$ cat final_6.pdb   # PDB, C-alpha atoms and all ligand atoms
ATOM      1  CA  MET Z 429      -5.112  40.904  -3.828  1.00  0.00           C
ATOM      2  CA  PRO Z 430      -7.319  43.083  -5.992  1.00  0.00           C
ATOM      3  CA  ALA Z 431     -10.217  44.986  -4.485  1.00  0.00           C
ATOM      4  CA  ILE Z 432     -13.535  43.542  -5.560  1.00  0.00           C
ATOM      5  CA  SER Z 433     -16.874  45.188  -4.934  1.00  0.00           C
ATOM      6  CA  PRO Z 434     -18.806  43.292  -2.227  1.00  0.00           C
ATOM      7  CA  ASP Z 435     -21.868  42.943  -4.437  1.00  0.00           C
ATOM      8  CA  LYS Z 436     -19.924  40.726  -6.808  1.00  0.00           C
ATOM      9  CA  PRO Z 437     -20.548  36.999  -6.239  1.00  0.00           C
ATOM     10  CA  TYR Z 438     -16.842  36.141  -6.083  1.00  0.00           C
ATOM     11  CA  ARG Z 439     -13.546  36.860  -4.402  1.00  0.00           C
ATOM     12  CA  VAL Z 440      -9.891  36.087  -5.096  1.00  0.00           C
ATOM     13  CA  GLY Z 441      -8.473  33.487  -2.756  1.00  0.00           C
ATOM     14  CA  ARG Z 442      -5.857  30.791  -2.315  1.00  0.00           C
ATOM     15  CA  SER Z 443      -6.293  27.772  -4.540  1.00  0.00           C
ATOM     16  CA  ARG Z 444      -4.196  24.642  -4.962  1.00  0.00           C
ATOM     17  CA  THR Z 445      -2.200  26.320  -7.749  1.00  0.00           C
ATOM     18  CA  GLY Z 446      -1.761  29.733  -6.186  1.00  0.00           C
ATOM     19  CA  LEU Z 447      -4.632  32.169  -6.504  1.00  0.00           C
ATOM     20  CA  GLY Z 448      -8.108  31.444  -7.815  1.00  0.00           C
ATOM     21  CA  LEU Z 449     -11.569  32.931  -8.059  1.00  0.00           C
ATOM     22  CA  PHE Z 450     -14.136  31.632  -5.559  1.00  0.00           C
ATOM     23  CA  ALA Z 451     -17.893  32.076  -5.398  1.00  0.00           C
ATOM     24  CA  THR Z 452     -19.152  34.062  -2.398  1.00  0.00           C
ATOM     25  CA  LYS Z 453     -22.838  33.796  -3.367  1.00  0.00           C
ATOM     26  CA  PRO Z 454     -24.805  31.132  -5.214  1.00  0.00           C
ATOM     27  CA  ILE Z 455     -24.345  31.543  -8.973  1.00  0.00           C
ATOM     28  CA  LYS Z 456     -27.088  30.137 -11.195  1.00  0.00           C
ATOM     29  CA  LYS Z 457     -26.298  27.948 -14.170  1.00  0.00           C
ATOM     30  CA  GLY Z 458     -26.118  30.140 -17.286  1.00  0.00           C
ATOM     31  CA  ALA Z 459     -25.427  33.347 -15.356  1.00  0.00           C
ATOM     32  CA  LYS Z 460     -22.683  35.707 -16.484  1.00  0.00           C
ATOM     33  CA  ILE Z 461     -19.950  35.769 -13.827  1.00  0.00           C
ATOM     34  CA  VAL Z 462     -17.292  38.178 -15.062  1.00  0.00           C
ATOM     35  CA  ARG Z 463     -15.956  39.602 -18.271  1.00  0.00           C
ATOM     36  CA  TYR Z 464     -12.495  38.638 -19.464  1.00  0.00           C
ATOM     37  CA  PHE Z 465     -11.109  41.929 -20.671  1.00  0.00           C
ATOM     38  CA  GLY Z 466      -7.971  43.804 -21.582  1.00  0.00           C
ATOM     39  CA  PRO Z 467      -6.415  45.636 -24.517  1.00  0.00           C
ATOM     40  CA  LEU Z 468      -7.210  44.229 -27.939  1.00  0.00           C
ATOM     41  CA  LEU Z 469      -4.163  43.053 -29.821  1.00  0.00           C
ATOM     42  CA  ASP Z 470      -4.089  42.980 -33.592  1.00  0.00           C
ATOM     43  CA  CYS Z 471      -1.686  40.323 -34.790  1.00  0.00           C
ATOM     44  CA  ARG Z 472      -1.165  42.293 -38.006  1.00  0.00           C
ATOM     45  CA  LYS Z 473       0.678  44.871 -35.940  1.00  0.00           C
ATOM     46  CA  LYS Z 474       4.223  43.723 -35.265  1.00  0.00           C
ATOM     47  CA  LYS Z 475       4.291  45.362 -31.855  1.00  0.00           C
ATOM     48  CA  HIS Z 476       1.098  43.574 -30.792  1.00  0.00           C
ATOM     49  CA  ASP Z 477       2.160  40.268 -32.241  1.00  0.00           C
ATOM     50  CA  ALA Z 478       5.372  40.373 -30.206  1.00  0.00           C
ATOM     51  CA  ILE Z 479       3.478  40.455 -26.888  1.00  0.00           C
ATOM     52  CA  GLU Z 480       3.695  37.133 -25.078  1.00  0.00           C
ATOM     53  CA  ASN Z 481       2.130  36.212 -21.736  1.00  0.00           C
ATOM     54  CA  LYS Z 482      -0.048  33.555 -20.136  1.00  0.00           C
ATOM     55  CA  TYR Z 483      -3.200  35.696 -20.268  1.00  0.00           C
ATOM     56  CA  LEU Z 484      -3.599  36.110 -24.010  1.00  0.00           C
ATOM     57  CA  PHE Z 485      -7.101  35.144 -25.066  1.00  0.00           C
ATOM     58  CA  GLU Z 486      -7.331  34.532 -28.788  1.00  0.00           C
ATOM     59  CA  LEU Z 487     -10.663  35.625 -30.267  1.00  0.00           C
ATOM     60  CA  ASN Z 488      -9.869  34.648 -33.852  1.00  0.00           C
ATOM     61  CA  ASN Z 489      -6.821  34.578 -36.081  1.00  0.00           C
ATOM     62  CA  ARG Z 490      -6.576  38.353 -35.999  1.00  0.00           C
ATOM     63  CA  TRP Z 491      -7.732  39.589 -32.594  1.00  0.00           C
ATOM     64  CA  THR Z 492      -6.472  38.633 -29.163  1.00  0.00           C
ATOM     65  CA  ILE Z 493      -7.349  40.018 -25.747  1.00  0.00           C
ATOM     66  CA  ASP Z 494      -4.361  40.744 -23.535  1.00  0.00           C
ATOM     67  CA  GLY Z 495      -5.838  39.784 -20.167  1.00  0.00           C
ATOM     68  CA  SER Z 496      -2.669  40.386 -18.164  1.00  0.00           C
ATOM     69  CA  VAL Z 497      -3.952  43.746 -16.889  1.00  0.00           C
ATOM     70  CA  ARG Z 498      -4.499  43.898 -13.155  1.00  0.00           C
ATOM     71  CA  LYS Z 499      -8.119  44.980 -13.418  1.00  0.00           C
ATOM     72  CA  ASN Z 500      -9.021  41.826 -15.322  1.00  0.00           C
ATOM     73  CA  ILE Z 501     -10.338  39.774 -12.395  1.00  0.00           C
ATOM     74  CA  ALA Z 502     -11.192  36.900 -14.766  1.00  0.00           C
ATOM     75  CA  ARG Z 503      -7.483  36.186 -15.148  1.00  0.00           C
ATOM     76  CA  TYR Z 504      -7.569  34.688 -11.631  1.00  0.00           C
ATOM     77  CA  ILE Z 505      -9.897  31.951 -12.819  1.00  0.00           C
ATOM     78  CA  ASN Z 506      -7.975  28.689 -13.054  1.00  0.00           C
ATOM     79  CA  HIS Z 507      -8.321  26.001 -15.657  1.00  0.00           C
ATOM     80  CA  ALA Z 508     -10.239  22.799 -14.937  1.00  0.00           C
ATOM     81  CA  CYS Z 509     -10.832  19.789 -17.149  1.00  0.00           C
ATOM     82  CA  LYS Z 510     -14.323  19.398 -15.649  1.00  0.00           C
ATOM     83  CA  PRO Z 511     -15.219  23.053 -15.060  1.00  0.00           C
ATOM     84  CA  ASN Z 512     -18.307  24.765 -13.655  1.00  0.00           C
ATOM     85  CA  ALA Z 513     -18.027  27.724 -16.047  1.00  0.00           C
ATOM     86  CA  GLU Z 514     -17.110  28.419 -19.656  1.00  0.00           C
ATOM     87  CA  SER Z 515     -15.698  31.238 -21.708  1.00  0.00           C
ATOM     88  CA  ASP Z 516     -18.408  32.643 -23.917  1.00  0.00           C
ATOM     89  CA  VAL Z 517     -16.617  34.222 -26.872  1.00  0.00           C
ATOM     90  CA  SER Z 518     -18.154  36.747 -29.177  1.00  0.00           C
ATOM     91  CA  ALA Z 519     -15.472  37.337 -31.794  1.00  0.00           C
ATOM     92  CA  ARG Z 520     -17.648  39.813 -33.648  1.00  0.00           C
ATOM     93  CA  LYS Z 521     -18.050  41.971 -30.542  1.00  0.00           C
ATOM     94  CA  ARG Z 522     -14.479  41.104 -29.482  1.00  0.00           C
ATOM     95  CA  LYS Z 523     -15.844  40.257 -26.101  1.00  0.00           C
ATOM     96  CA  VAL Z 524     -15.390  37.306 -23.734  1.00  0.00           C
ATOM     97  CA  VAL Z 525     -17.678  36.553 -20.824  1.00  0.00           C
ATOM     98  CA  ILE Z 526     -17.183  33.810 -18.236  1.00  0.00           C
ATOM     99  CA  ARG Z 527     -20.518  32.115 -17.694  1.00  0.00           C
ATOM    100  CA  ALA Z 528     -21.639  29.432 -15.210  1.00  0.00           C
ATOM    101  CA  ILE Z 529     -22.499  26.092 -16.797  1.00  0.00           C
ATOM    102  CA  LYS Z 530     -23.554  24.621 -13.442  1.00  0.00           C
ATOM    103  CA  ASN Z 531     -25.136  26.015 -10.307  1.00  0.00           C
ATOM    104  CA  ILE Z 532     -22.150  27.171  -8.275  1.00  0.00           C
ATOM    105  CA  GLU Z 533     -22.305  27.240  -4.471  1.00  0.00           C
ATOM    106  CA  PRO Z 534     -20.582  29.823  -2.250  1.00  0.00           C
ATOM    107  CA  GLY Z 535     -17.029  28.689  -1.480  1.00  0.00           C
ATOM    108  CA  GLU Z 536     -16.646  26.735  -4.720  1.00  0.00           C
ATOM    109  CA  GLU Z 537     -13.765  27.672  -6.969  1.00  0.00           C
ATOM    110  CA  ILE Z 538     -14.824  28.966 -10.385  1.00  0.00           C
ATOM    111  CA  ASN Z 539     -13.097  27.265 -13.314  1.00  0.00           C
ATOM    112  CA  TYR Z 540     -13.339  27.044 -17.047  1.00  0.00           C
ATOM    113  CA  ASP Z 541     -11.581  24.941 -19.638  1.00  0.00           C
ATOM    114  CA  TYR Z 542      -8.708  26.934 -21.165  1.00  0.00           C
ATOM    115  CA  GLY Z 543      -8.807  24.818 -24.299  1.00  0.00           C
ATOM    116  CA  THR Z 544      -6.487  22.327 -25.959  1.00  0.00           C
ATOM    117  CA  ASP Z 545      -3.810  24.784 -27.122  1.00  0.00           C
ATOM    118  CA  TYR Z 546      -3.245  26.226 -23.665  1.00  0.00           C
ATOM    119  CA  PHE Z 547      -3.428  22.791 -22.071  1.00  0.00           C
ATOM    120  CA  LYS Z 548      -0.761  21.404 -24.404  1.00  0.00           C
ATOM    121  CA  ALA Z 549       1.516  24.426 -24.054  1.00  0.00           C
ATOM    122  CA  TYR Z 550       1.310  25.128 -20.321  1.00  0.00           C
ATOM    123  CA  LEU Z 551      -0.451  22.396 -18.359  1.00  0.00           C
ATOM    124  CA  LYS Z 552       0.563  19.096 -19.906  1.00  0.00           C
ATOM    125  CA  PRO Z 553       4.313  19.675 -19.346  1.00  0.00           C
ATOM    126  CA  ILE Z 554       3.839  20.255 -15.600  1.00  0.00           C
ATOM    127  CA  GLY Z 555       0.760  18.064 -15.103  1.00  0.00           C
ATOM    128  CA  CYS Z 556      -2.724  19.567 -14.781  1.00  0.00           C
ATOM    129  CA  LYS Z 557      -3.579  20.268 -11.134  1.00  0.00           C
ATOM    130  CA  CYS Z 558      -7.353  20.596 -11.544  1.00  0.00           C
ATOM    131  CA  ALA Z 559      -9.633  18.630  -9.189  1.00  0.00           C
ATOM    132  CA  ALA Z 560     -10.513  16.049 -11.855  1.00  0.00           C
ATOM    133  CA  CYS Z 561      -6.863  15.391 -12.731  1.00  0.00           C
ATOM    134  CA  GLU Z 562      -5.830  15.296  -9.049  1.00  0.00           C
ATOM    135  CA  LYS Z 563      -8.593  12.767  -8.412  1.00  0.00           C
ATOM    136  CA  LYS Z 564      -7.365  10.664 -11.321  1.00  0.00           C
ATOM    137  CA  ARG Z 565      -3.786  10.810 -10.023  1.00  0.00           C
ATOM    138  CA  LYS Z 566      -4.916   9.954  -6.491  1.00  0.00           C
ATOM    139  CA  LYS Z 567      -6.801   6.933  -7.794  1.00  0.00           C
ATOM    140  CA  LYS Z 568      -3.745   5.795  -9.748  1.00  0.00           C
ATOM    141  CA  ARG Z 569      -1.514   6.207  -6.685  1.00  0.00           C
ATOM    142  CA  ALA Z 570      -4.005   4.239  -4.553  1.00  0.00           C
ATOM    143  CA  GLU Z 571      -4.072   1.490  -7.157  1.00  0.00           C
ATOM    144  CA  ALA Z 572      -0.270   1.376  -7.246  1.00  0.00           C
ATOM    145  CA  ARG Z 573      -0.151   1.194  -3.437  1.00  0.00           C
ATOM    146  CA  ALA Z 574      -2.718  -1.617  -3.383  1.00  0.00           C
ATOM    147  CA  GLU Z 575      -0.735  -3.527  -6.000  1.00  0.00           C
ATOM    148  CA  LYS Z 576       2.467  -3.086  -3.993  1.00  0.00           C
ATOM    149  CA  LEU Z 577       0.717  -4.359  -0.832  1.00  0.00           C
ATOM    150  CA  ARG Z 578      -0.721  -7.308  -2.746  1.00  0.00           C
ATOM    151  CA  LEU Z 579       2.737  -8.273  -4.034  1.00  0.00           C
ATOM    152  CA  LYS Z 580       4.239  -7.852  -0.556  1.00  0.00           C
ATOM    153  CA  ALA Z 581       1.547 -10.090   0.996  1.00  0.00           C
ATOM    154  CA  LYS Z 582       2.156 -12.654  -1.726  1.00  0.00           C
ATOM    155  CA  ALA Z 583       5.914 -12.642  -1.066  1.00  0.00           C
ATOM    156  CA  GLU Z 584       5.349 -12.941   2.679  1.00  0.00           C
ATOM    157  CA  LYS Z 585       2.965 -15.845   2.197  1.00  0.00           C
ATOM    158  CA  LYS Z 586       5.521 -17.556   0.009  1.00  0.00           C
ATOM    159  CA  ALA Z 587       8.296 -17.012   2.574  1.00  0.00           C
ATOM    160  CA  LEU Z 588       6.055 -18.326   5.357  1.00  0.00           C
ATOM    161  CA  LYS Z 589       5.252 -21.452   3.359  1.00  0.00           C
ATOM    162  CA  LYS Z 590       8.955 -22.006   2.711  1.00  0.00           C
ATOM    163  CA  ALA Z 591       9.786 -21.580   6.409  1.00  0.00           C
ATOM    164  CA  GLU Z 592       7.000 -23.975   7.392  1.00  0.00           C
ATOM    165  CA  LYS Z 593       8.267 -26.508   4.904  1.00  0.00           C
ATOM    166  CA  GLN Z 594      11.811 -26.186   6.257  1.00  0.00           C
ATOM    167  CA  ALA Z 595      10.593 -26.506   9.840  1.00  0.00           C
ATOM    168  CA  ALA Z 596       8.594 -29.622   8.966  1.00  0.00           C
ATOM    169  CA  LYS Z 597      11.641 -31.103   7.281  1.00  0.00           C
ATOM    170  CA  ALA Z 598      13.829 -30.313  10.282  1.00  0.00           C
ATOM    171  CA  ARG Z 599      11.233 -31.866  12.611  1.00  0.00           C
ATOM    172  CA  GLU Z 600      11.108 -34.964  10.467  1.00  0.00           C
ATOM    173  CA  GLU Z 601      14.887 -35.261  10.476  1.00  0.00           C
ATOM    174  CA  LEU Z 602      15.000 -34.780  14.243  1.00  0.00           C
ATOM    175  CA  GLU Z 603      12.325 -37.418  14.757  1.00  0.00           C
ATOM    176  CA  GLN Z 604      14.229 -39.806  12.546  1.00  0.00           C
ATOM    177  CA  LYS Z 605      17.420 -39.163  14.516  1.00  0.00           C
ATOM    178  CA  GLN Z 606      15.580 -39.637  17.822  1.00  0.00           C
ATOM    179  CA  ASN Z 607      13.983 -42.821  16.596  1.00  0.00           C
ATOM    180  CA  GLN Z 608      17.365 -44.074  15.543  1.00  0.00           C
ATOM    181  CA  LYS Z 609      18.819 -43.160  18.934  1.00  0.00           C
ATOM    182  CA  LEU Z 610      15.961 -44.903  20.723  1.00  0.00           C
ATOM    183  CA  LYS Z 611      16.406 -47.978  18.592  1.00  0.00           C
ATOM    184  CA  GLN Z 612      20.115 -47.938  19.240  1.00  0.00           C
ATOM    185  CA  ALA Z 613      19.559 -47.442  22.966  1.00  0.00           C
ATOM    186  CA  ALA Z 614      17.084 -50.293  23.020  1.00  0.00           C
ATOM    187  CA  LYS Z 615      19.512 -52.486  21.182  1.00  0.00           C
ATOM    188  CA  GLN Z 616      22.272 -51.564  23.603  1.00  0.00           C
ATOM    189  CA  ARG Z 617      20.043 -52.236  26.582  1.00  0.00           C
ATOM    190  CA  LEU Z 618      19.143 -55.552  25.126  1.00  0.00           C
ATOM    191  CA  ASN Z 619      22.803 -56.271  24.697  1.00  0.00           C
ATOM    192  CA  GLY Z 620      23.378 -55.021  28.244  1.00  0.00           C
ATOM    193  CA  ALA Z 621      20.782 -57.379  29.586  1.00  0.00           C
ATOM    194  CA  ARG Z 622      22.330 -60.185  27.675  1.00  0.00           C
ATOM    195  CA  SER Z 623      25.718 -59.277  29.041  1.00  0.00           C
ATOM    196  CA  ASN Z 624      24.342 -59.258  32.543  1.00  0.00           C
ATOM    197  CA  GLY Z 625      23.765 -55.506  32.971  1.00  0.00           C
ATOM    198  CA  LYS Z 626      27.199 -54.586  31.780  1.00  0.00           C
ATOM    199  CA  LEU Z 627      26.021 -51.323  30.220  1.00  0.00           C
ATOM    200  CA  LEU Z 628      23.371 -50.466  32.744  1.00  0.00           C
ATOM    201  CA  ASN Z 629      25.465 -50.417  35.866  1.00  0.00           C
ATOM    202  CA  GLY Z 630      28.520 -49.220  34.070  1.00  0.00           C
ATOM    203  CA  HIS Z 631      30.827 -51.444  36.014  1.00  0.00           C
ATOM    204  CA  GLY Z 632      31.143 -54.107  33.450  1.00  0.00           C
ATOM    205  CA  GLY Z 633      30.802 -56.631  36.196  1.00  0.00           C
ATOM    206  CA  THR Z 634      28.510 -59.586  36.342  1.00  0.00           C
ATOM    207  CA  THR Z 635      27.228 -58.802  39.785  1.00  0.00           C
ATOM    208  CA  ALA Z 636      23.993 -60.054  41.126  1.00  0.00           C
ATOM    209  CA  ALA Z 637      22.793 -56.472  41.460  1.00  0.00           C
ATOM    210  CA  GLY Z 638      23.343 -55.872  37.777  1.00  0.00           C
ATOM    211  CA  GLN Z 639      21.339 -58.857  36.846  1.00  0.00           C
ATOM    212  CA  LEU Z 640      18.593 -57.832  39.178  1.00  0.00           C
ATOM    213  CA  THR Z 641      18.390 -54.302  37.773  1.00  0.00           C
ATOM    214  CA  ALA Z 642      18.133 -55.435  34.246  1.00  0.00           C
ATOM    215  CA  ALA Z 643      15.415 -57.862  35.093  1.00  0.00           C
ATOM    216  CA  LYS Z 644      13.450 -55.459  37.276  1.00  0.00           C
ATOM    217  CA  SER Z 645      13.492 -52.388  35.103  1.00  0.00           C
ATOM    218  CA  GLY Z 646      11.563 -53.723  32.171  1.00  0.00           C
ATOM    219  CA  ILE Z 647      14.045 -52.071  29.887  1.00  0.00           C
ATOM    220  CA  PHE Z 648      11.955 -51.644  26.793  1.00  0.00           C
ATOM    221  CA  ALA Z 649       8.993 -49.801  28.265  1.00  0.00           C
ATOM    222  CA  GLU Z 650      10.534 -47.372  30.737  1.00  0.00           C
ATOM    223  CA  PRO Z 651      12.221 -44.110  29.838  1.00  0.00           C
ATOM    224  CA  ALA Z 652      15.970 -44.031  30.026  1.00  0.00           C
ATOM    225  CA  SER Z 653      16.196 -41.523  32.891  1.00  0.00           C
ATOM    226  CA  THR Z 654      14.195 -43.507  35.442  1.00  0.00           C
ATOM    227  CA  GLN Z 655      15.978 -46.570  34.424  1.00  0.00           C
ATOM    228  CA  GLY Z 656      19.302 -44.905  34.950  1.00  0.00           C
ATOM    229  CA  GLU Z 657      18.346 -43.734  38.407  1.00  0.00           C
ATOM    230  CA  GLU Z 658      17.063 -47.106  39.314  1.00  0.00           C
ATOM    231  CA  ALA Z 659      20.145 -48.721  37.981  1.00  0.00           C
ATOM    232  CA  SER Z 660      22.501 -46.484  39.924  1.00  0.00           C
ATOM    233  CA  ALA Z 661      20.327 -46.693  43.033  1.00  0.00           C
ATOM    234  CA  SER Z 662      20.342 -50.403  43.022  1.00  0.00           C
ATOM    235  CA  ALA Z 663      23.960 -50.608  42.024  1.00  0.00           C
TER
HETATM  236 ZN    ZN P 701      -7.150  18.741 -15.425  1.00  0.00          ZN
END
$ encode --input "final_6.pdb" --output "structure tokens" --more "lines below"
Ligand SMILES: [Zn+2]
Amino acid sequence: MPAISPDKPYRVGRSRTGLGLFATKPIKKGAKIVRYFGPLLDCRKKKHDAIENKYLFELNNRWTIDGSVRKNIARYINHACKPNAESDVSARKRKVVIRAIKNIEPGEEINYDYGTDYFKAYLKPIGCKCAACEKKRKKKRAEARAEKLRLKAKAEKKALKKAEKQAAKAREELEQKQNQKLKQAAKQRLNGARSNGKLLNGHGGTTAAGQLTAAKSGIFAEPASTQGEEASASA
């Protein structure tokens, strides 16, 4: 990291994209923060025009500052779409100054907007990582998650309804079967009574006991189990 005089209101530090410039003292809106400087390149000179790096700051269609030099602390300032500083360009003086456009608190990262050309060439292809763009992306992700959850809940509700419907149908079918069984059993008992307890005592005989059981048990009202016990007990 470059050595910076302690009376400067900034330091170089880690940012979300690598290194960045951070305020160490309050910086007032409108105050000059740091100069963006480096050798002046004249695009009319072939040698100058051939230079290509990420720190070229175009002043006008002839002059460009090559800010890639190590001493140019301003090159650590990252781009932001909603910045707290701006680049104040004086093409006539061939000078660029980074100036606060908001009051900046100690600890805050200093940013300025690099401009459309830089954005299109370098940031758009990889996705801008500035706080505003990250916030936008976060919001989009949250919305996508919420939508996914909503769809999942909807599907679960639908599945639950289907299962409930199936269970109700199964219950209905079971009840119908049971009713049929009961009816059949009642019919058989009735027949049994008529045939002198033939079915109740299981002996097929026309004994007095059989007749008695059938008469005593009140076949239609009592559950089958008690009746069975009674029948076998008395038989
Ligand atoms: Zn951005």
$ residues_near_point --input "final_6.pdb" --point "(-14.7, 43.1, -20.2)" --cutoff "9 Å" --atoms "all atoms listed in the file" --output "JSON, numbers by chain"
{"Z": [462, 463, 464, 465, 466, 500, 502, 523, 524, 525]}
$ residues_near_ligand --input "final_6.pdb" --ligand "ligand ZN 701 (chain P)" --cutoff "8 Å" --atoms "only C-alpha atoms and all ligand atoms" --output "JSON, numbers by chain"
{"Z": [507, 508, 509, 510, 555, 556, 557, 558, 559, 560, 561, 562]}
$ atom_distance --input "final_6.pdb" --atom1 "atom CA of Lys521 of chain Z" --atom2 "atom CA of Lys460 of chain Z"
16.1 Å
$ atom_distance --input "final_6.pdb" --atom1 "atom CA of Leu449 of chain Z" --atom2 "atom CA of Lys530 of chain Z"
15.5 Å
$ atom_distance --input "final_6.pdb" --atom1 "atom CA of Ile505 of chain Z" --atom2 "atom CA of Ser518 of chain Z"
18.9 Å
$ closest_residue --input "final_6.pdb" --among "Z:Arg522, Z:Lys457, Z:Lys582, Z:Lys473" --to "Thr492 of chain Z" --atoms "only C-alpha atoms"
Z:Arg522
$ residues_around --input "final_6.pdb" --residues "Val497 of chain Z" --least-positions-apart "4" --cutoff "12 Å" --atoms "all atoms listed in the file" --output "PDB file with C-alpha atoms, keeping the file's coordinate frame"
ATOM      1  CA  PRO Z 430      -7.319  43.083  -5.992  1.00  0.00           C
ATOM      2  CA  TYR Z 464     -12.495  38.638 -19.464  1.00  0.00           C
ATOM      3  CA  PHE Z 465     -11.109  41.929 -20.671  1.00  0.00           C
ATOM      4  CA  GLY Z 466      -7.971  43.804 -21.582  1.00  0.00           C
ATOM      5  CA  PRO Z 467      -6.415  45.636 -24.517  1.00  0.00           C
ATOM      6  CA  LEU Z 468      -7.210  44.229 -27.939  1.00  0.00           C
ATOM      7  CA  ASN Z 481       2.130  36.212 -21.736  1.00  0.00           C
ATOM      8  CA  LYS Z 482      -0.048  33.555 -20.136  1.00  0.00           C
ATOM      9  CA  TYR Z 483      -3.200  35.696 -20.268  1.00  0.00           C
ATOM     10  CA  LEU Z 484      -3.599  36.110 -24.010  1.00  0.00           C
ATOM     11  CA  ILE Z 493      -7.349  40.018 -25.747  1.00  0.00           C
ATOM     12  CA  ILE Z 501     -10.338  39.774 -12.395  1.00  0.00           C
ATOM     13  CA  ALA Z 502     -11.192  36.900 -14.766  1.00  0.00           C
ATOM     14  CA  ARG Z 503      -7.483  36.186 -15.148  1.00  0.00           C
ATOM     15  CA  TYR Z 504      -7.569  34.688 -11.631  1.00  0.00           C
TER      16      TYR Z 504
END
$ build_atoms --input "final_6.pdb" --residues "segment 521-533 of chain Z" --atoms "N, CA and C atoms" --output "compact mmCIF listing (two decimals), in the frame of the given file"
# COMPACT_ATOMS: atom_id res chain seq x y z
N LYS Z 521 -18.06 40.85 -31.50
CA LYS Z 521 -18.05 41.97 -30.54
C LYS Z 521 -16.70 42.11 -29.84
N ARG Z 522 -15.80 41.16 -30.14
CA ARG Z 522 -14.48 41.10 -29.48
C ARG Z 522 -14.63 41.15 -27.97
N LYS Z 523 -15.49 40.26 -27.52
CA LYS Z 523 -15.84 40.26 -26.10
C LYS Z 523 -15.87 38.82 -25.58
N VAL Z 524 -15.36 38.63 -24.37
CA VAL Z 524 -15.39 37.31 -23.73
C VAL Z 524 -16.04 37.44 -22.37
N VAL Z 525 -17.00 36.55 -22.12
CA VAL Z 525 -17.68 36.55 -20.82
C VAL Z 525 -17.55 35.15 -20.22
N ILE Z 526 -17.23 35.10 -18.94
CA ILE Z 526 -17.18 33.81 -18.24
C ILE Z 526 -18.58 33.56 -17.66
N ARG Z 527 -19.13 32.41 -18.03
CA ARG Z 527 -20.52 32.12 -17.69
C ARG Z 527 -20.60 30.78 -16.95
N ALA Z 528 -21.48 30.69 -15.97
CA ALA Z 528 -21.64 29.43 -15.21
C ALA Z 528 -22.33 28.38 -16.08
N ILE Z 529 -21.82 27.18 -16.07
CA ILE Z 529 -22.50 26.09 -16.80
C ILE Z 529 -23.10 25.09 -15.80
N LYS Z 530 -22.94 25.41 -14.53
CA LYS Z 530 -23.55 24.62 -13.44
C LYS Z 530 -23.98 25.61 -12.38
N ASN Z 531 -24.86 25.18 -11.48
CA ASN Z 531 -25.14 26.02 -10.31
C ASN Z 531 -23.89 25.97 -9.43
N ILE Z 532 -23.38 27.12 -9.08
CA ILE Z 532 -22.15 27.17 -8.28
C ILE Z 532 -22.50 27.65 -6.87
N GLU Z 533 -22.02 26.91 -5.88
CA GLU Z 533 -22.30 27.24 -4.47
C GLU Z 533 -21.23 28.17 -3.91
